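S.K.: Mind having a look at this structure? Questions to follow.
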Amino acid sequence: MRILLTINLPAKLENLERWMNAVSECARKQGYDQKRISKIELALEEALVNICKYSYPEEPGNAEVSCKQDNSRFIIEIVDSGIPFDMTSLPAPDITSSVEQRKIGGLGIFLIKKTVDEVEYRREGNFNILNLTINRDYDK
Amino acid sequence: MEIQARKEKVAVVVSVKGRMDAMTAPEFEKNMIDFISKGEKTFVVNLVELDYISSAGLRSILALAKKLKEGDGKIVFTGLKGPVEEVFKITGFPSLFKIFDSEESALREI
């Protein structure tokens with residue numbers, strides 16, 4: 001596995017664009033097509049917005065985004081030292097209810113799970129470690 | 001993100017260009033709320049030039065739709081394509097909103 005890029009920044013929404021631009025540029029250089037880059041951007045935004053909004057309820061903290069290439073897989077690793085949060089354990093939202101009954105929110109994590117090929121979470125010490133994997137040559 | 005709006009007889013047509021993400025969705029929501037507070041009730045939103053939408057955009061759309069429903073208003077969409085259409089499909093938005101093939105048919109049938 002090759003580490004292509006690592007960017008550590010304060011977990012603030014204003015940094016979103018820097019992370020997004022760097023990661024999509026990195027994926028483009030690795031030969032990923034626009035369809036997959038859109039998936040990468042979407043999953044990355046949703047994961048980072050979540051960290052920026054909820055990971056650090058008291059003291060501010062950072063998030064570190066790394067891109068890795070493993071054979072024909074692009075792996076985005078996002079590490080933060082905020083409160084433990086395992087998105088893989090959340091149930092799917094109800095996407096069949098009417099406008100009146102639909103809950104505002106909860107769609108971001110659902111979108112991550114639906115767009116990338118693999119989502120892996122682990123807690124190591126004080127760190128949340130999230131791995132999002134996109135296959136270059138085939139869809140899940 | 002660029003937003004352009006024009007008033008037709010039956011609706012306000014709002015065209016959104018670029019990206020609707022966590023940074024820009026509030027701007028779209030604010031623009032729409034300005035129209036609603038001026039008494040506009042019916043909207044055709046054209047997304048043909050929108051390249052990207054995330055859950056922040058969906059959240060804004062849903063919040064606006066709820067607000068419009070309360071006041072007997074309506075929001076419909078046209079110009080869905082690529083990743084935007086994909087995100088709509090994944091999240092079941094086509095069952096919440098009328099989606100038209102063109103602005104013309106939206107304005108005719110709304």
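A note on labels: chains of the structure tokens are A, B, ... as shown, every chain counts residues from 1, and ligands are counted from 1 in their shown order.
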With DSSP run on the backbone, what are the strand (DSSP E or B) residues within chain A? I'd like them as a PyMOL selection string.
M.R.: chain A and resi 2-10+62-70+73-80+118-124+127-135
S.K.: Keeping N, CA and C atoms for every residue in the selection just given, could you write it to a file as a tab-separated table (two decimals), in the first residue's frame?
M.R.:
```tsv
chain	number	residue	atom	x	y	z
A	2	ARG	N	0.50	2.20	-0.84
A	2	ARG	CA	1.28	3.43	-0.97
A	2	ARG	C	0.49	4.60	-0.39
A	3	ILE	N	1.14	5.42	0.44
A	3	ILE	CA	0.46	6.63	0.93
A	3	ILE	C	0.75	7.75	-0.07
A	4	LEU	N	-0.30	8.34	-0.61
A	4	LEU	CA	-0.14	9.34	-1.67
A	4	LEU	C	-0.17	10.76	-1.12
A	5	LEU	N	-0.88	10.91	0.01
A	5	LEU	CA	-1.16	12.28	0.48
A	5	LEU	C	-1.63	12.23	1.92
A	6	THR	N	-1.20	13.18	2.72
A	6	THR	CA	-1.75	13.32	4.07
A	6	THR	C	-1.95	14.80	4.36
A	7	ILE	N	-3.14	15.16	4.77
A	7	ILE	CA	-3.41	16.56	5.13
A	7	ILE	C	-4.07	16.62	6.49
A	8	ASN	N	-3.40	17.28	7.41
A	8	ASN	CA	-3.93	17.43	8.76
A	8	ASN	C	-4.32	18.89	8.97
A	9	LEU	N	-5.60	19.12	9.24
A	9	LEU	CA	-6.10	20.50	9.42
A	9	LEU	C	-7.09	20.55	10.57
A	10	PRO	N	-7.31	21.74	11.12
A	10	PRO	CA	-8.37	21.87	12.13
A	10	PRO	C	-9.71	21.43	11.55
A	62	ASN	N	-8.39	18.41	15.38
A	62	ASN	CA	-8.03	18.27	13.97
A	62	ASN	C	-8.64	17.04	13.33
A	63	ALA	N	-8.55	17.01	12.03
A	63	ALA	CA	-8.84	15.78	11.28
A	63	ALA	C	-7.71	15.59	10.29
A	64	GLU	N	-7.30	14.33	10.14
A	64	GLU	CA	-6.22	14.04	9.21
A	64	GLU	C	-6.75	13.13	8.10
A	65	VAL	N	-6.58	13.60	6.88
A	65	VAL	CA	-7.05	12.83	5.73
A	65	VAL	C	-5.85	12.29	4.97
A	66	SER	N	-5.83	10.99	4.75
A	66	SER	CA	-4.77	10.40	3.93
A	66	SER	C	-5.38	9.65	2.76
A	67	CYS	N	-4.68	9.69	1.64
A	67	CYS	CA	-5.11	8.89	0.49
A	67	CYS	C	-4.08	7.80	0.27
A	68	LYS	N	-4.59	6.60	0.07
A	68	LYS	CA	-3.69	5.47	-0.15
A	68	LYS	C	-4.12	4.71	-1.40
A	69	GLN	N	-3.13	4.15	-2.07
A	69	GLN	CA	-3.43	3.34	-3.24
A	69	GLN	C	-2.98	1.91	-2.95
A	70	ASP	N	-3.90	0.98	-3.10
A	70	ASP	CA	-3.59	-0.42	-2.84
A	70	ASP	C	-4.09	-1.22	-4.04
A	73	ARG	N	-7.33	-0.19	-5.68
A	73	ARG	CA	-8.26	0.42	-4.73
A	73	ARG	C	-7.71	1.74	-4.20
A	74	PHE	N	-8.60	2.73	-4.12
A	74	PHE	CA	-8.24	4.04	-3.56
A	74	PHE	C	-8.84	4.10	-2.16
A	75	ILE	N	-7.99	4.31	-1.19
A	75	ILE	CA	-8.48	4.29	0.19
A	75	ILE	C	-8.29	5.67	0.81
A	76	ILE	N	-9.38	6.22	1.35
A	76	ILE	CA	-9.29	7.49	2.07
A	76	ILE	C	-9.37	7.14	3.55
A	77	GLU	N	-8.35	7.53	4.28
A	77	GLU	CA	-8.38	7.29	5.73
A	77	GLU	C	-8.57	8.62	6.43
A	78	ILE	N	-9.56	8.67	7.31
A	78	ILE	CA	-9.83	9.91	8.04
A	78	ILE	C	-9.69	9.63	9.54
A	79	VAL	N	-8.81	10.37	10.16
A	79	VAL	CA	-8.54	10.15	11.58
A	79	VAL	C	-8.87	11.40	12.37
A	80	ASP	N	-9.63	11.23	13.46
A	80	ASP	CA	-9.84	12.36	14.36
A	80	ASP	C	-9.74	11.86	15.80
A	118	GLU	N	-16.53	0.26	0.18
A	118	GLU	CA	-16.31	-0.35	1.50
A	118	GLU	C	-16.15	0.75	2.56
A	119	VAL	N	-16.78	0.56	3.71
A	119	VAL	CA	-16.62	1.48	4.84
A	119	VAL	C	-16.13	0.68	6.04
A	120	GLU	N	-15.02	1.13	6.61
A	120	GLU	CA	-14.48	0.41	7.77
A	120	GLU	C	-14.20	1.40	8.88
A	121	TYR	N	-14.62	1.05	10.10
A	121	TYR	CA	-14.35	1.95	11.22
A	121	TYR	C	-13.63	1.18	12.32
A	122	ARG	N	-12.67	1.83	12.96
A	122	ARG	CA	-12.12	1.26	14.19
A	122	ARG	C	-11.73	2.39	15.14
A	123	ARG	N	-11.78	2.08	16.42
A	123	ARG	CA	-11.34	3.03	17.44
A	123	ARG	C	-10.00	2.53	17.94
A	124	GLU	N	-8.98	3.39	17.86
A	124	GLU	CA	-7.66	3.01	18.36
A	124	GLU	C	-7.22	4.04	19.37
A	127	PHE	N	-8.45	7.66	19.07
A	127	PHE	CA	-8.70	8.05	17.68
A	127	PHE	C	-9.84	7.28	17.03
A	128	ASN	N	-10.65	8.02	16.27
A	128	ASN	CA	-11.60	7.40	15.34
A	128	ASN	C	-10.87	7.24	14.02
A	129	ILE	N	-10.88	6.04	13.48
A	129	ILE	CA	-10.22	5.82	12.18
A	129	ILE	C	-11.24	5.25	11.21
A	130	LEU	N	-11.47	6.03	10.16
A	130	LEU	CA	-12.48	5.65	9.17
A	130	LEU	C	-11.78	5.42	7.83
A	131	ASN	N	-12.03	4.26	7.24
A	131	ASN	CA	-11.47	3.97	5.93
A	131	ASN	C	-12.58	3.84	4.89
A	132	LEU	N	-12.48	4.65	3.85
A	132	LEU	CA	-13.45	4.60	2.76
A	132	LEU	C	-12.72	4.10	1.51
A	133	THR	N	-13.22	3.03	0.93
A	133	THR	CA	-12.52	2.43	-0.21
A	133	THR	C	-13.34	2.52	-1.49
A	134	ILE	N	-12.68	2.94	-2.56
A	134	ILE	CA	-13.33	2.98	-3.88
A	134	ILE	C	-12.50	2.12	-4.82
A	135	ASN	N	-13.16	1.18	-5.48
A	135	ASN	CA	-12.47	0.35	-6.47
A	135	ASN	C	-12.33	1.11	-7.78
```
S.K.: Can you write out as JSON lines which residues of chain B fall within 7 Å of chain A, alongside each residue's closest atom pair and its distance in Å to one decimal, counting only C-alpha atoms and ordering rows by chain and ascending residue number?
M.R.:
```
{"residue": "B:Ser54", "atom": "CA", "partner": "A:Leu42", "partner_atom": "CA", "distance": 6.1}
{"residue": "B:Ser55", "atom": "CA", "partner": "A:Gly108", "partner_atom": "CA", "distance": 5.0}
{"residue": "B:Arg59", "atom": "CA", "partner": "A:Ile104", "partner_atom": "CA", "distance": 5.8}
{"residue": "B:Leu62", "atom": "CA", "partner": "A:Ile104", "partner_atom": "CA", "distance": 6.7}
{"residue": "B:Ala63", "atom": "CA", "partner": "A:Ile104", "partner_atom": "CA", "distance": 6.9}
{"residue": "B:Ala65", "atom": "CA", "partner": "A:Val99", "partner_atom": "CA", "distance": 6.9}
{"residue": "B:Lys66", "atom": "CA", "partner": "A:Glu100", "partner_atom": "CA", "distance": 6.1}
{"residue": "B:Pro83", "atom": "CA", "partner": "A:Ser38", "partner_atom": "CA", "distance": 6.8}
{"residue": "B:Thr91", "atom": "CA", "partner": "A:Ile95", "partner_atom": "CA", "distance": 6.0}
{"residue": "B:Gly92", "atom": "CA", "partner": "A:Ile95", "partner_atom": "CA", "distance": 5.4}
{"residue": "B:Leu96", "atom": "CA", "partner": "A:Val99", "partner_atom": "CA", "distance": 6.1}
```
S.K.: Can you write out the residues you just picked, keeping C-alpha atoms, as a PDB file, in the first residue's frame?
M.R.:
```pdb
ATOM      1  CA  SER B  54     -24.313  16.444  -0.962  1.00  0.00           C
ATOM      2  CA  SER B  55     -26.624  15.781   1.985  1.00  0.00           C
ATOM      3  CA  ARG B  59     -31.257  18.960   3.774  1.00  0.00           C
ATOM      4  CA  LEU B  62     -36.214  19.156   2.369  1.00  0.00           C
ATOM      5  CA  ALA B  63     -36.406  22.072   4.805  1.00  0.00           C
ATOM      6  CA  ALA B  65     -40.268  21.660   0.915  1.00  0.00           C
ATOM      7  CA  LYS B  66     -41.576  21.348   4.476  1.00  0.00           C
ATOM      8  CA  PRO B  83     -24.168  12.552  -9.831  1.00  0.00           C
ATOM      9  CA  THR B  91     -32.082   8.957  -1.065  1.00  0.00           C
ATOM     10  CA  GLY B  92     -35.573   8.389  -2.458  1.00  0.00           C
ATOM     11  CA  LEU B  96     -41.004  13.175  -2.664  1.00  0.00           C
TER      12      LEU B  96
END
```
S.K.: Quick one: pick out all helix (DSSP H, G or I) residues within chain B from a backbone DSSP run and write them as a ChimeraX atom specification.
M.R.: /B:25-37,55-70,82-90,93-95,103-109
S.K.: Take the selection from the previous step and output its residues with N, CA and C atoms, as a tab-separated table (two decimals), in the first residue's frame.
M.R.:
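again-v5.tsv written:
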```tsv
chain	number	residue	atom	x	y	z
B	25	ALA	N	-24.91	25.32	0.33
B	25	ALA	CA	-26.35	25.04	0.46
B	25	ALA	C	-27.10	26.12	1.26
B	26	PRO	N	-26.48	26.67	2.34
B	26	PRO	CA	-27.20	27.72	3.08
B	26	PRO	C	-27.56	28.93	2.22
B	27	GLU	N	-26.71	29.23	1.22
B	27	GLU	CA	-26.96	30.36	0.33
B	27	GLU	C	-28.19	30.08	-0.55
B	28	PHE	N	-28.29	28.85	-1.04
B	28	PHE	CA	-29.46	28.45	-1.83
B	28	PHE	C	-30.72	28.57	-0.97
B	29	GLU	N	-30.63	28.04	0.24
B	29	GLU	CA	-31.78	28.05	1.15
B	29	GLU	C	-32.23	29.49	1.44
B	30	LYS	N	-31.26	30.35	1.66
B	30	LYS	CA	-31.56	31.74	1.99
B	30	LYS	C	-32.24	32.45	0.82
B	31	ASN	N	-31.71	32.22	-0.38
B	31	ASN	CA	-32.33	32.79	-1.59
B	31	ASN	C	-33.78	32.38	-1.73
B	32	MET	N	-34.02	31.09	-1.51
B	32	MET	CA	-35.38	30.55	-1.66
B	32	MET	C	-36.31	31.11	-0.57
B	33	ILE	N	-35.78	31.22	0.64
B	33	ILE	CA	-36.59	31.75	1.74
B	33	ILE	C	-36.97	33.21	1.49
B	34	ASP	N	-36.05	33.96	0.88
B	34	ASP	CA	-36.37	35.34	0.51
B	34	ASP	C	-37.58	35.39	-0.42
B	35	PHE	N	-37.60	34.50	-1.41
B	35	PHE	CA	-38.75	34.44	-2.33
B	35	PHE	C	-40.03	34.05	-1.58
B	36	ILE	N	-39.91	33.05	-0.72
B	36	ILE	CA	-41.09	32.57	0.00
B	36	ILE	C	-41.65	33.68	0.89
B	37	SER	N	-40.74	34.42	1.52
B	37	SER	CA	-41.23	35.48	2.42
B	37	SER	C	-41.83	36.66	1.64
B	55	SER	N	-25.46	15.83	1.09
B	55	SER	CA	-26.62	15.78	1.99
B	55	SER	C	-26.99	17.17	2.50
B	56	ALA	N	-26.01	18.09	2.52
B	56	ALA	CA	-26.32	19.46	2.95
B	56	ALA	C	-27.32	20.11	2.00
B	57	GLY	N	-27.16	19.84	0.70
B	57	GLY	CA	-28.10	20.34	-0.30
B	57	GLY	C	-29.47	19.69	-0.14
B	58	LEU	N	-29.47	18.39	0.08
B	58	LEU	CA	-30.74	17.66	0.27
B	58	LEU	C	-31.47	18.19	1.50
B	59	ARG	N	-30.69	18.45	2.53
B	59	ARG	CA	-31.26	18.96	3.77
B	59	ARG	C	-31.96	20.31	3.54
B	60	SER	N	-31.31	21.19	2.77
B	60	SER	CA	-31.90	22.48	2.44
B	60	SER	C	-33.19	22.31	1.63
B	61	ILE	N	-33.13	21.43	0.65
B	61	ILE	CA	-34.31	21.19	-0.20
B	61	ILE	C	-35.47	20.68	0.64
B	62	LEU	N	-35.16	19.73	1.53
B	62	LEU	CA	-36.21	19.16	2.37
B	62	LEU	C	-36.81	20.20	3.33
B	63	ALA	N	-35.93	21.02	3.89
B	63	ALA	CA	-36.41	22.07	4.80
B	63	ALA	C	-37.33	23.04	4.06
B	64	LEU	N	-36.95	23.40	2.82
B	64	LEU	CA	-37.77	24.30	2.01
B	64	LEU	C	-39.10	23.65	1.65
B	65	ALA	N	-39.04	22.37	1.29
B	65	ALA	CA	-40.27	21.66	0.91
B	65	ALA	C	-41.25	21.61	2.08
B	66	LYS	N	-40.72	21.39	3.28
B	66	LYS	CA	-41.58	21.35	4.48
B	66	LYS	C	-42.24	22.72	4.68
B	67	LYS	N	-41.44	23.75	4.55
B	67	LYS	CA	-41.93	25.11	4.72
B	67	LYS	C	-43.01	25.42	3.68
B	68	LEU	N	-42.76	25.03	2.44
B	68	LEU	CA	-43.71	25.29	1.36
B	68	LEU	C	-45.01	24.52	1.56
B	69	LYS	N	-44.89	23.28	2.01
B	69	LYS	CA	-46.09	22.45	2.24
B	69	LYS	C	-47.02	23.10	3.24
B	70	GLU	N	-46.42	23.66	4.29
B	70	GLU	CA	-47.22	24.33	5.32
B	70	GLU	C	-48.07	25.45	4.74
B	82	GLY	N	-26.44	13.00	-14.09
B	82	GLY	CA	-25.15	12.62	-13.50
B	82	GLY	C	-25.24	12.36	-12.00
B	83	PRO	N	-24.23	12.83	-11.27
B	83	PRO	CA	-24.17	12.55	-9.83
B	83	PRO	C	-25.35	13.13	-9.05
B	84	VAL	N	-25.92	14.23	-9.55
B	84	VAL	CA	-27.06	14.84	-8.84
B	84	VAL	C	-28.28	13.91	-8.92
B	85	GLU	N	-28.52	13.39	-10.11
B	85	GLU	CA	-29.62	12.45	-10.28
B	85	GLU	C	-29.40	11.20	-9.43
B	86	GLU	N	-28.16	10.75	-9.41
B	86	GLU	CA	-27.78	9.56	-8.63
B	86	GLU	C	-28.10	9.76	-7.14
B	87	VAL	N	-27.70	10.92	-6.60
B	87	VAL	CA	-27.93	11.21	-5.19
B	87	VAL	C	-29.44	11.31	-4.89
B	88	PHE	N	-30.18	11.92	-5.79
B	88	PHE	CA	-31.64	11.97	-5.63
B	88	PHE	C	-32.21	10.55	-5.54
B	89	LYS	N	-31.75	9.70	-6.47
B	89	LYS	CA	-32.29	8.33	-6.50
B	89	LYS	C	-31.96	7.55	-5.24
B	90	ILE	N	-30.70	7.62	-4.82
B	90	ILE	CA	-30.26	6.86	-3.64
B	90	ILE	C	-31.09	7.21	-2.41
B	93	PHE	N	-35.49	10.73	-3.16
B	93	PHE	CA	-36.10	12.05	-3.41
B	93	PHE	C	-37.11	12.04	-4.56
B	94	PRO	N	-36.93	11.19	-5.59
B	94	PRO	CA	-37.93	11.20	-6.66
B	94	PRO	C	-39.34	10.81	-6.19
B	95	SER	N	-39.45	10.15	-5.03
B	95	SER	CA	-40.80	9.85	-4.54
B	95	SER	C	-41.37	11.02	-3.73
B	103	GLU	N	-37.88	22.36	-18.41
B	103	GLU	CA	-38.52	23.51	-17.76
B	103	GLU	C	-39.91	23.74	-18.33
B	104	GLU	N	-40.00	23.60	-19.67
B	104	GLU	CA	-41.27	23.84	-20.36
B	104	GLU	C	-42.37	22.92	-19.83
B	105	SER	N	-42.04	21.62	-19.76
B	105	SER	CA	-43.08	20.69	-19.29
B	105	SER	C	-43.40	20.93	-17.81
B	106	ALA	N	-42.40	21.33	-17.04
B	106	ALA	CA	-42.67	21.65	-15.63
B	106	ALA	C	-43.66	22.82	-15.53
B	107	LEU	N	-43.41	23.86	-16.32
B	107	LEU	CA	-44.26	25.05	-16.27
B	107	LEU	C	-45.66	24.76	-16.81
B	108	ARG	N	-45.75	23.84	-17.75
B	108	ARG	CA	-47.03	23.49	-18.35
B	108	ARG	C	-47.87	22.67	-17.37
B	109	GLU	N	-47.21	21.77	-16.67
B	109	GLU	CA	-47.98	20.78	-15.90
B	109	GLU	C	-48.04	21.03	-14.41
```
S.K.: Give me, as a ChimeraX atom specification, all polymer residues having an atom no more than 10 Å from Lys98 of chain B, counting only C-alpha atoms and skipping those fewer than 6 positions away in the same chain.
M.R.: /B:44,74-78,106,110
S.K.: Figure out the distance between atom CA of Thr88 of chain A and atom CA of Lys81 of chain B, please, to one decimal in Å.
M.R.: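 Distance between the two atoms: 28.9 Å.
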S.K.: For segment 48-52 of chain B, find every residue with an atom within 7 Å (counting only C-alpha atoms), except residues of its own chain fewer than 4 positions away, and show them as a list in words.
M.R.: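 My reading of the contact set: Val16, Lys17, Gly18, Arg19, Met20, Gly79, Leu80, Lys81, Pro83 and Val84 of chain B.
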S.K.: Grab the atom CA of Leu48 of chain A to atom CA of Asp86 of chain A distance for me, in Å with one decimal place.
M.R.: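 For atom CA of Leu48 of chain A relative to atom CA of Asp86 of chain A, the distance reads 13.8 Å.
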S.K.: So what do you get for atom CA of Pro57 of chain A versus atom CA of Met1 of chain B, distance-wise?
M.R.: 29.7 Å
